[in-house]
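Report on the structure given below.
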Amino acid sequence: MYQSSAPVFIRMLGNLSAILDRAQAHADAKKFDSAVYLPSRLAPDMLPFSKQVQIACDAAKGCMARLAGVEIPKHPDTETTLAELKARIATVIEYVKSFKPEQIDGTESKEIVLKLGPKQDRILNFNGVQFLQGFAMGNFYFHVTTAYALLRHQGVEIGKSDYLGTR
């Protein structure tokens, strides 16, 4: 369970941070404020780029905390620059790194209950492995991929190797 979660979150969040560096370099080269990326969307009803990064971070820290049975740290969604989003990513990477394998391994059968929606009235029940494989990882990858796609759509010269990383 640990090897299927922590190293994956750490690597992909690191890749996302590097993609934000590429976005900043693109904005600098084209001489515009990189803050224009933050509200970008592919469709009017989707969450903006900044929220995609925030949710990817929340998915990683929430997964680790839920599996370990500890309180999830709260981060206000107040980032208004790429640098602030990178700082949030760095904070979450350090948080994920703080977990030891023995806190996560053996949680395959642990009961995980999620309360979703604005009123927290949508309840999902999982065991640990169902939560990790069937919800947490998919949610995490969805938001990382969407953030990547939004920057690519904005003209940032990134590709599959940036998404996957080279480590």
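Order determines the names: the first chain of the structure tokens is A, the second B, and so forth; residues in each chain are numbered 1 upward, and ligands are numbered 1 upward as they are shown.
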
Nearby residues (only C-alpha atoms) at most 9 Å from Thr145 of chain A, same-chain spacing under 4 positions excluded, as a ChimeraX atom specification: /A:52,140-141,149-150,163

Shell of 10 Å around Ile10 of chain A, only C-alpha atoms, local chain residues under 6 positions omitted, as JSON, numbers by chain: {"A": [16, 60, 89, 90, 92, 93, 94, 95, 96, 97]}

Convert the current residue selection to file output with N, CA and C atoms, as a CSV table (one decimal), in the first residue's frame.
```
chain,number,residue,atom,x,y,z
A,16,LEU,N,4.7,17.8,-11.5
A,16,LEU,CA,3.7,18.9,-11.7
A,16,LEU,C,4.4,20.2,-11.3
A,60,ALA,N,-3.6,13.8,-2.7
A,60,ALA,CA,-2.4,13.1,-2.2
A,60,ALA,C,-2.3,13.1,-0.6
A,89,ILE,N,2.6,22.6,-3.4
A,89,ILE,CA,3.0,21.3,-3.9
A,89,ILE,C,4.2,20.8,-3.0
A,90,ALA,N,5.1,21.7,-2.7
A,90,ALA,CA,6.3,21.4,-1.9
A,90,ALA,C,5.9,21.0,-0.5
A,92,VAL,N,3.1,19.7,0.4
A,92,VAL,CA,2.4,18.3,0.3
A,92,VAL,C,3.4,17.2,0.1
A,93,ILE,N,4.4,17.5,-0.7
A,93,ILE,CA,5.5,16.5,-0.9
A,93,ILE,C,6.1,16.2,0.4
A,94,GLU,N,6.5,17.2,1.2
A,94,GLU,CA,7.1,17.0,2.5
A,94,GLU,C,6.2,16.2,3.4
A,95,TYR,N,4.9,16.5,3.4
A,95,TYR,CA,3.9,15.8,4.2
A,95,TYR,C,3.9,14.3,3.8
A,96,VAL,N,3.8,14.0,2.5
A,96,VAL,CA,3.7,12.6,2.1
A,96,VAL,C,5.0,11.9,2.5
A,97,LYS,N,6.2,12.6,2.4
A,97,LYS,CA,7.4,12.0,2.8
A,97,LYS,C,7.5,11.7,4.3
```

Long-range neighbours of Lys61 of chain A as a list in words, 10 Å cut-off, only C-alpha atoms, 4 positions minimum in chain: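 Within the cut-off, the hits are Ala6, Phe9, Ile55, Ala56, Cys57, Ala65, Arg66, Glu71, Ile72, Pro73, Lys74, Thr91, Val92, Ile93, Glu94, Tyr95 and Val96 of chain A.
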
Restricting the output to C-alpha atoms, write the selected residues as a tab-separated table (two decimals), in the first residue's frame.
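This went into part.tsv:
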```
chain	number	residue	atom	x	y	z
A	6	ALA	CA	3.66	7.67	-1.39
A	9	PHE	CA	2.41	11.02	-5.18
A	55	ILE	CA	-7.20	19.27	-5.59
A	56	ALA	CA	-4.27	17.15	-6.79
A	57	CYS	CA	-2.43	18.18	-3.62
A	65	ALA	CA	-3.84	10.72	6.07
A	66	ARG	CA	-6.94	8.57	5.68
A	71	GLU	CA	-6.10	14.17	10.64
A	72	ILE	CA	-5.79	15.70	7.19
A	73	PRO	CA	-3.91	19.01	7.27
A	74	LYS	CA	-5.93	21.93	5.98
A	91	THR	CA	4.44	21.37	1.39
A	92	VAL	CA	2.40	18.35	0.34
A	93	ILE	CA	5.47	16.48	-0.94
A	94	GLU	CA	7.11	16.98	2.47
A	95	TYR	CA	3.91	15.84	4.18
A	96	VAL	CA	3.75	12.65	2.08
```

Strand (DSSP E) positions in chain A, given as a VMD selection string: chain A and resid 111 to 116 122 to 127

Any chance you could export the current selection's N, CA and C atoms as an mmCIF file, in the first residue's frame?
```
data_model
loop_
_atom_site.group_PDB
_atom_site.id
_atom_site.type_symbol
_atom_site.label_atom_id
_atom_site.label_comp_id
_atom_site.auth_asym_id
_atom_site.auth_seq_id
_atom_site.Cartn_x
_atom_site.Cartn_y
_atom_site.Cartn_z
ATOM 1 N N GLU A 111 -11.501 0.454 6.988
ATOM 2 C CA GLU A 111 -12.710 1.116 6.515
ATOM 3 C C GLU A 111 -12.418 2.601 6.276
ATOM 4 N N ILE A 112 -12.750 3.052 5.083
ATOM 5 C CA ILE A 112 -12.594 4.460 4.709
ATOM 6 C C ILE A 112 -13.972 4.972 4.321
ATOM 7 N N VAL A 113 -14.418 6.033 4.974
ATOM 8 C CA VAL A 113 -15.707 6.643 4.679
ATOM 9 C C VAL A 113 -15.453 8.079 4.226
ATOM 10 N N LEU A 114 -15.934 8.404 3.025
ATOM 11 C CA LEU A 114 -15.799 9.759 2.495
ATOM 12 C C LEU A 114 -17.160 10.429 2.476
ATOM 13 N N LYS A 115 -17.176 11.654 2.909
ATOM 14 C CA LYS A 115 -18.383 12.477 2.819
ATOM 15 C C LYS A 115 -18.093 13.564 1.805
ATOM 16 N N LEU A 116 -18.837 13.548 0.722
ATOM 17 C CA LEU A 116 -18.588 14.459 -0.394
ATOM 18 C C LEU A 116 -19.765 15.387 -0.622
ATOM 19 N N ARG A 122 -23.124 13.150 0.463
ATOM 20 C CA ARG A 122 -22.853 12.001 -0.409
ATOM 21 C C ARG A 122 -21.790 11.163 0.287
ATOM 22 N N ILE A 123 -22.145 9.955 0.666
ATOM 23 C CA ILE A 123 -21.243 9.116 1.454
ATOM 24 C C ILE A 123 -20.780 7.930 0.618
ATOM 25 N N LEU A 124 -19.462 7.747 0.584
ATOM 26 C CA LEU A 124 -18.856 6.620 -0.114
ATOM 27 C C LEU A 124 -18.090 5.781 0.895
ATOM 28 N N ASN A 125 -18.268 4.480 0.830
ATOM 29 C CA ASN A 125 -17.586 3.549 1.732
ATOM 30 C C ASN A 125 -16.639 2.668 0.934
ATOM 31 N N PHE A 126 -15.434 2.525 1.452
ATOM 32 C CA PHE A 126 -14.403 1.713 0.806
ATOM 33 C C PHE A 126 -13.659 0.917 1.867
ATOM 34 N N ASN A 127 -12.958 -0.123 1.428
ATOM 35 C CA ASN A 127 -11.872 -0.641 2.251
ATOM 36 C C ASN A 127 -10.617 0.067 1.735
#
```

Those of segment 2-101 of chain A in DSSP helix (DSSP H, G or I), formatted as a PyMOL selection string: chain A and resi 6-30+34-37+49-68+82-97+101

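The interatomic distance for the pair atom CA of Asp21 of chain A and atom CA of Asn139 of chain A works out to 23.2 Å.
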
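For the pair atom CA of Gly69 of chain A and atom CA of Lys119 of chain A, the separation is 23.0 Å.
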
Between atom CA of Glu157 of chain A and atom CA of Phe49 of chain A, distance in Å (one decimal): 16.5 Å

Using only C-alpha atoms: which of A:Leu151, A:Leu85, A:Ala136, A:Ile158 has the shortest distance to Val8 of chain A: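 The closest residue to Val8 of chain A is A:Ala136.
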
Nearest residue to Ile104 of chain A from the set A:Val36, A:Ala18, A:Val129, A:Met64 (distances using only C-alpha atoms): A:Met64

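Of the residues listed (A:Ala87, A:Val53, A:Ala35, A:Ala25), A:Val53 shows the shortest atom-to-atom separation from Ala147 of chain A; distances use only C-alpha atoms.
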
Shell of 8 Å around Met1 of chain A, only C-alpha atoms, local chain residues under 6 positions omitted, as JSON, numbers by chain: {"A": [104, 105, 106, 107, 108, 129, 132]}
